[in-house]
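K.L.:
Can you read through this structure? Questions will come right after.
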There are 2 protein chains.
Amino acid sequence: MKTDLNENEDLSTQIAEAIRDAIIEGSLIVDQRLPSEAELCEKFDVGRSTVREALKRLAAQNLIRTQRGAAGGAFVNRMSFEEAYDQQITTSTLLLSMNRVDFETACEARYALERSCAPLSAQRRTPDQLATMRAEIHRQSQPGLTDEAFCASDVAFHRALVDGAGNPVLSYQLAGAVEAMQPLMNIITYTQRDRDRIVALHTRLADAIEGQDGDGADSTLSELAEYTVELGRNRLTSSKQS
Amino acid sequence: MKTDLNENEDLSTQIAEAIRDAIIEGSLIVDQRLPSEAELCEKFDVGRSTVREALKRLAAQNLIRTQRGAAGGAFVNRMSFEEAYDQQITTSTLLLSMNRVDFETACEARYALERSCAPLSAQRRTPDQLATMRAEIHRQSQPGLTDEAFCASDVAFHRALVDGAGNPVLSYQLAGAVEAMQPLMNIITYTQRDRDRIVALHTRLADAIEGQDGDGADSTLSELAEYTVELGRNRLTSSKQS
DNA sequence: ACTTTCTAATTGTCAGACATTTACTTGCCC
DNA sequence: GGGCAAGTAAATGTCTGACAATTAGAAAGT
């Protein structure tokens, strides 16, 4: 681990970067214990608060975890898919909401990515995932559902579809795209007719996935994408008029 | 912003979460100044170090930035695509390297995602992006290139392809998939024959993109994916034998 | 052998001090 | 009045020392 710091950033930033690089580069391996705070103070020749701030930075990125007590300390954390999901979702959500990304662009990205899962999902989906999709479709067709609940169910449906590809890396990458869209989707007010149409498309999609018809799933997703963009466009137009 | 904290986590974690939630929820908007450290101490009734650790956590996630001086303080940061890229790449890289994700799975995910960009890229790529692709192909065919430089050029080529879709959200999502693969790709030792084959495929890909032939690009990518998986498989087999 | 107690190591938190940076004010000179 | 310089105040960055809380392991006693 490098110990010479000469940039013009904060000391805690530099120290955090030095340790992060050591983790990425592999000289600190998973579950390995970092030197104690006191030792890091000596090694980098800084005060304890500075070291602690650096460690907190790393903890915020799930790179390390800390334990108190005698055999405690900071340990290199094995980044779990769960943690990575959450980070990805937070980042994506903020990225979309803070940069005035328009609905159409986000929608295009989301469905483009999702379509890349469809053929794999048609091939590999488990009965369990198929059942989840059916269950969500059933929920979506129940009357009296709030728009938000409908949206949440939509997300669950699409996640089941994505997970059907049986590729955790794909699931991880898609988590951001699908979940981060939810706040944008929530601007849509669904009429009963909209919902009927979406449920019909979801049903066709589930049928295709069940029948291992990759092309069918792909084209249905394509239709769904088009319809969603259209809904978003109408919503924007009507809100401008009002 | 909530100020009552009663969980059993660190104080700095709780405070960071409270502020983060306020940012996500929208009660703290972009470029808004947070209360000074002293004010936050009062508000949450904790010491200054605790507040500072919380702020460093947020800074590590690019949620805030800080300025020194009289009119300084912590400000809600507009998450830039650049920052989001970097975060995504770090997270993805560590996720893959720490969870023994096998080459095949990662490769499948990467090319599946990339294929979702191909048709859009064929439609919209700028001459500039096309030129980048050609330039990288040229570099790749030069003799005496190290494996690492070849890999780097490969990444640059594929990023140009992805950027060609003209959708920043897609570029962002793909950044992780493409860049995070690089360490895994680096285990491959390319023979001259491998390189020739890859350059030929890249050329076909660039031709398809130039000719706005989405299907052609898609099928070429598919071939490239297959070939890359094969290379990885051979590499693993031979390393097991040695 | 088992339980209890003690001890030491380590992180979590607080308080106070000083350094550094920076915007703004004040005062002086022209 | 305008411009320049010095000073001032507010804020973050850093250091030090102290104590609290937690925990593993050693020591002691039965």
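Naming works like this for the structure tokens: A, B, ... for the chains as they're shown, residue 1 at the start of each chain, ligands 1 onward in shown order.
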What are the closest atom pairs, with distances in Å to one decimal, for all residues of chain D lying within 8 Å of chain B? Consider only C-alpha atoms (C1' of nucleotides), order rows by chain and residue number, and present the result as JSON lines.
P.N.:
{"residue": "D:DA9", "atom": "C1'", "partner": "B:Ala70", "partner_atom": "CA", "distance": 7.5}
{"residue": "D:DA10", "atom": "C1'", "partner": "B:Ala70", "partner_atom": "CA", "distance": 4.5}
{"residue": "D:DA11", "atom": "C1'", "partner": "B:Gly69", "partner_atom": "CA", "distance": 5.0}
{"residue": "D:DT12", "atom": "C1'", "partner": "B:Arg68", "partner_atom": "CA", "distance": 4.8}
K.L.:
Write out as an MDAnalysis selection string all residues of range 16-225 of chain A that DSSP puts in helix (DSSP H, G or I) for this structure's backbone.
P.N.:
chainID A and resid 16:25 37:44 48:60 81:98 103:124 127:140 147:163 168:185 192:210 214:225
K.L.:
If you measure from CA of Gln182 in chain A to CA of Ala112 in chain B, what distance in Å do you get, rounded to one decimal?
P.N.:
23.1 Å
K.L.:
Per residue of chain B within 6 Å of chain A, note the shortest atom pair and the distance in Å to one decimal, counting only C-alpha atoms, and order the rows by chain and increasing residue number, as a Markdown table.
P.N.:
| residue | atom | partner | partner_atom | distance |
| --- | --- | --- | --- | --- |
| B:Glu53 | CA | A:Glu53 | CA | 5.4 |
| B:Lys56 | CA | A:Arg57 | CA | 5.7 |
| B:Arg57 | CA | A:Arg57 | CA | 4.8 |
| B:Ala60 | CA | A:Arg57 | CA | 5.1 |
| B:Met79 | CA | A:Leu95 | CA | 5.6 |
| B:Leu95 | CA | A:Met79 | CA | 5.6 |
| B:Ala109 | CA | A:Leu170 | CA | 5.2 |
| B:Ala112 | CA | A:Ser116 | CA | 5.2 |
| B:Leu113 | CA | A:Ser116 | CA | 5.8 |
| B:Ser116 | CA | A:Ala112 | CA | 5.2 |
| B:Leu170 | CA | A:Ala109 | CA | 5.2 |
K.L.:
So, counting only C-alpha atoms (C1' of nucleotides), which residue among A:Glu39, A:Asp218, A:Glu17, A:Glu104 is closest to chain C?
P.N.:
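Using only C-alpha atoms (C1' of nucleotides), the shortest distance to chain C belongs to A:Glu39.
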K.L.:
For range 16-30 of chain D, work out the shell of residues within 12 Å, counting only C-alpha atoms (C1' of nucleotides) and skipping chain neighbours fewer than 3 positions away, then give it as JSON, numbers by chain.
P.N.:
{"A": [46, 47, 48, 49, 67, 68, 69, 70, 71, 72, 73], "B": [10], "C": [1, 2, 3, 4, 5, 6, 7, 8, 9, 10, 11, 12, 13, 14, 15, 16, 17, 18]}
K.L.:
What's the 8 Å shell around Gln32 in chain A, counting only C-alpha atoms (C1' of nucleotides), without same-chain residues fewer than 4 positions away, as a list in words?
P.N.:
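My reading of the contact set: Leu28, Phe75 and Val76 of chain A.
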K.L.:
For those residues, write N, CA, C and O atoms to a file as a compact mmCIF listing (two decimals), in the first residue's frame.
P.N.:
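Wrote selection_11.txt, looks like this:
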# COMPACT_ATOMS: atom_id res chain seq x y z
N LEU A 28 -4.77 -6.18 -0.90
CA LEU A 28 -5.58 -6.46 0.29
C LEU A 28 -6.70 -7.37 -0.17
O LEU A 28 -7.47 -7.01 -1.07
N PHE A 75 -12.15 -4.67 8.10
CA PHE A 75 -11.87 -5.83 7.26
C PHE A 75 -12.32 -5.55 5.84
O PHE A 75 -13.34 -4.87 5.63
N VAL A 76 -11.56 -6.05 4.90
CA VAL A 76 -11.97 -5.92 3.52
C VAL A 76 -13.27 -6.70 3.34
O VAL A 76 -13.36 -7.87 3.72
K.L.:
Which one of B:Ile209, B:Pro35, B:Val155, B:Cys41 sits closest to chain C if you count only C-alpha atoms (C1' of nucleotides)?
P.N.:
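That would be B:Cys41, the residue with the smallest distance to chain C.
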